[in-house]
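> This is the structure, below, for whatever I ask next.
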Amino acid sequence: MLNNSLAYFSLLYMGGAWGLGFSLAKLAAVDGTTPIGIAFWQCVLAGLLLLIFVFFRRTKIPLSWELIKLYLIVGLLGAAIPTTCFYYAAPKLSAGVLSITVTLVPILTYALALLLRTEFFSAKRVTGILFGAISIFLLVSPENSLPSETSLIWVLLGCVSSLCYAIENIYLATRGSSDVGPIRLACGMHISASIFLALTANATDSFFFLEIPIGSLELIIIGMAVINATAYALFVICIEKSGPLFASQVGYIVTLAGVFWGIIIFNESHSIWVWVSLVTMLIGLMLVSPKKDNKYSVAD
């Protein structure tokens, strides 16, 4: 049973690691690289790392038409589309501002859950979601919050990623993944995403090769692959043990970590509106607590 302390510790790890990913994405956006190419290498390396882990556990990736469908859907929604969107937006926005867009994930997750009647109405949770919505409003509305008007376009592109994650949250919670388990699901989804991205990169002439001996770009991409391989598997566990709404709150921690990683790595500075948005978002997090019941079981 995933108790409350372990659930919040999981959020801290996922949030801190994924928050670092925004800064790593900016570092990877150098001459000769493309967003689709970066996304491909990140997904294929994450898939291989997880495949090695599965091999040493002496288990196999289960294959059936139903599971292949699962891998393909979460591969698109959880990796291929959102990752590519973030890598396109990363060079145009600060790491901190880009990370704040993920606060839309719990907002959209709760809206979809209510629409599908998989979550009950809770005044406390709704209040927390509203604080998240207000934080996004404070980010994009004031004239001095973003560096330029064109930045809004890239913020909206980041929001497309949030929509994908929200749909994925609901899909996983509705279908469940106990028949495959979080590690093998994460492996299957990253391999599926890498296939989509390889085809897209080939069609758009966006593919590039990693160099040997490895340099800074290769180390960054490997780091992002490790982050996604470990954090995503833990994310699936949180969905199954604590519910999709609680798991989606990782977006708040990602935001906090993303802002401060940007300050540490790039010496970023933000307007007062960005900081007010950040504080408002954290209040929203405190108003949401994990489910006490555990509906699903987790297989290796």
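Order determines the names: the first chain of the structure tokens is A, the second B, and so forth; residues in each chain are numbered 1 upward, and ligands are numbered 1 upward as they are shown.
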Just the alpha helix (DSSP H) stuff from region 36-218 of chain A, please, per backbone DSSP, written as an MDAnalysis selection string.
chainID A and resid 36:56 65:75 81:89 95:100 104:116 123:140 151:175 182:203 216:218
> Within 6 Å of region 15-29 of chain A, counting only C-alpha atoms, which residues show up once you throw out same-chain ones fewer than 2 positions away? Write them as an MDAnalysis selection string, please.
chainID A and resid 11:13 90:91 95 217 227 250 253:254 257:258 261:262
> Keeping only C-alpha atoms, take the residues you just selected and write them out as a PDB file, in the first residue's frame.

```pdb
ATOM      1  CA  LEU A  11       5.894  13.334  -6.076  1.00  0.00           C
ATOM      2  CA  LEU A  12       9.028  15.117  -4.869  1.00  0.00           C
ATOM      3  CA  TYR A  13      11.324  12.824  -6.817  1.00  0.00           C
ATOM      4  CA  ALA A  90      12.157  25.207 -24.814  1.00  0.00           C
ATOM      5  CA  PRO A  91      14.433  27.545 -26.837  1.00  0.00           C
ATOM      6  CA  ALA A  95      12.811  27.023 -18.182  1.00  0.00           C
ATOM      7  CA  LEU A 217      24.835  16.891 -25.812  1.00  0.00           C
ATOM      8  CA  ILE A 227      14.851  10.827 -15.724  1.00  0.00           C
ATOM      9  CA  VAL A 250       3.270  16.185  -9.784  1.00  0.00           C
ATOM     10  CA  ILE A 253       6.249  20.087  -8.043  1.00  0.00           C
ATOM     11  CA  VAL A 254       7.601  20.069 -11.594  1.00  0.00           C
ATOM     12  CA  ALA A 257      11.577  22.599  -9.457  1.00  0.00           C
ATOM     13  CA  GLY A 258      11.615  23.907 -13.023  1.00  0.00           C
ATOM     14  CA  TRP A 261      16.551  24.795 -11.754  1.00  0.00           C
ATOM     15  CA  GLY A 262      16.282  27.602 -14.312  1.00  0.00           C
TER      16      GLY A 262
END
```
> Please determine, counting only C-alpha atoms, which residue among A:Gly47, A:Pro182, A:Gly176, A:Gly243 has the shortest atom-to-atom distance to Met224 (chain A).
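Of A:Gly47, A:Pro182, A:Gly176, A:Gly243, the one nearest Met224 (chain A), counting only C-alpha atoms, is A:Gly47.
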> Between CA of Phe86 (chain A) and CA of Tyr252 (chain A), what is the distance, to one decimal in Å?
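Rounded to one decimal, the two atoms are 16.6 Å apart.
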> Pick the closest to Ile100 (chain A) from A:Met14, A:Ala231, A:Ile263, A:Leu256: which is it, counting only C-alpha atoms?
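Result for the nearest residue to Ile100 (chain A): A:Leu256.
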> Of the candidates A:Trp275, A:Phe246, A:Trp41, A:Phe9, which shows the shortest atom-to-atom distance to Arg125 (chain A), using only C-alpha atoms?
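Between A:Trp275, A:Phe246, A:Trp41, A:Phe9, the residue approaching Arg125 (chain A) most closely is A:Phe246.
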> From the options A:Leu76, A:Ala203, A:Leu67, A:Cys159, which residue's atoms come nearest to Arg175 (chain A), counting only C-alpha atoms?
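The shortest atom-to-atom distance to Arg175 (chain A) comes from A:Leu67.
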> What does the structure give for the distance between CA of Pro106 (chain A) and CA of Ile265 (chain A), in Å to one decimal?
27.3 Å
> Please provide as a list in words all residues within 10 Å of Leu156 (chain A), with the sequence filter that same-chain residues fewer than 6 positions apart are discarded (counting only C-alpha atoms).
Cys85, Ala89, Leu98, Thr101, Val140 and Ser162 of chain A
> Just the selected residues (all heavy atoms), exported as a short mmCIF file (atom, residue, chain, number, x, y, z; two decimals), in the first residue's frame, please.

```cif
data_model
loop_
_atom_site.label_atom_id
_atom_site.label_comp_id
_atom_site.auth_asym_id
_atom_site.auth_seq_id
_atom_site.Cartn_x
_atom_site.Cartn_y
_atom_site.Cartn_z
N CYS A 85 6.56 18.74 -28.27
CA CYS A 85 6.04 20.11 -28.05
C CYS A 85 6.94 20.88 -27.10
O CYS A 85 7.26 22.06 -27.35
CB CYS A 85 4.62 20.05 -27.49
SG CYS A 85 3.38 19.51 -28.68
N ALA A 89 9.22 24.35 -27.73
CA ALA A 89 9.01 25.57 -26.95
C ALA A 89 10.22 25.94 -26.10
O ALA A 89 10.40 27.12 -25.77
CB ALA A 89 7.78 25.39 -26.05
N LEU A 98 8.20 27.83 -18.83
CA LEU A 98 7.74 26.62 -19.50
C LEU A 98 7.25 25.59 -18.49
O LEU A 98 6.24 24.91 -18.71
CB LEU A 98 8.87 26.02 -20.33
CG LEU A 98 8.53 24.77 -21.15
CD1 LEU A 98 7.40 25.07 -22.13
CD2 LEU A 98 9.76 24.27 -21.90
N THR A 101 3.57 25.80 -17.17
CA THR A 101 2.45 25.34 -18.00
C THR A 101 1.92 23.99 -17.58
O THR A 101 0.77 23.66 -17.89
CB THR A 101 2.87 25.29 -19.48
OG1 THR A 101 3.92 24.33 -19.65
CG2 THR A 101 3.34 26.65 -19.98
N VAL A 140 -0.03 34.42 -17.81
CA VAL A 140 -0.16 34.83 -19.20
C VAL A 140 -0.89 36.16 -19.40
O VAL A 140 -0.78 36.76 -20.46
CB VAL A 140 -0.89 33.75 -20.02
CG1 VAL A 140 -0.15 32.44 -19.96
CG2 VAL A 140 -2.34 33.56 -19.54
N SER A 162 0.28 19.49 -21.78
CA SER A 162 -0.51 19.26 -20.57
C SER A 162 -1.81 18.52 -20.89
O SER A 162 -2.24 17.65 -20.13
CB SER A 162 -0.81 20.59 -19.89
OG SER A 162 0.37 21.24 -19.49
#
```
> Which value, in Å to one decimal, gives the distance between CA of Thr34 (chain A) and CA of Ser206 (chain A)?
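Pair CA of Thr34 (chain A) / CA of Ser206 (chain A) returns 5.9 Å.
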> Which residue out of A:Val102, A:Val279, A:Val274, A:Ala225 has the minimum interatomic distance to Leu163 (chain A) when only C-alpha atoms are used?
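Nearest candidate to Leu163 (chain A) out of A:Val102, A:Val279, A:Val274, A:Ala225: A:Val102.
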> Rank A:Ala193, A:Leu45, A:Leu138, A:Ala133 by their smallest atom-to-atom distance to Leu108 (chain A), using only C-alpha atoms, and report the top residue only.
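Among the listed residues, A:Ala133 lies closest to Leu108 (chain A).
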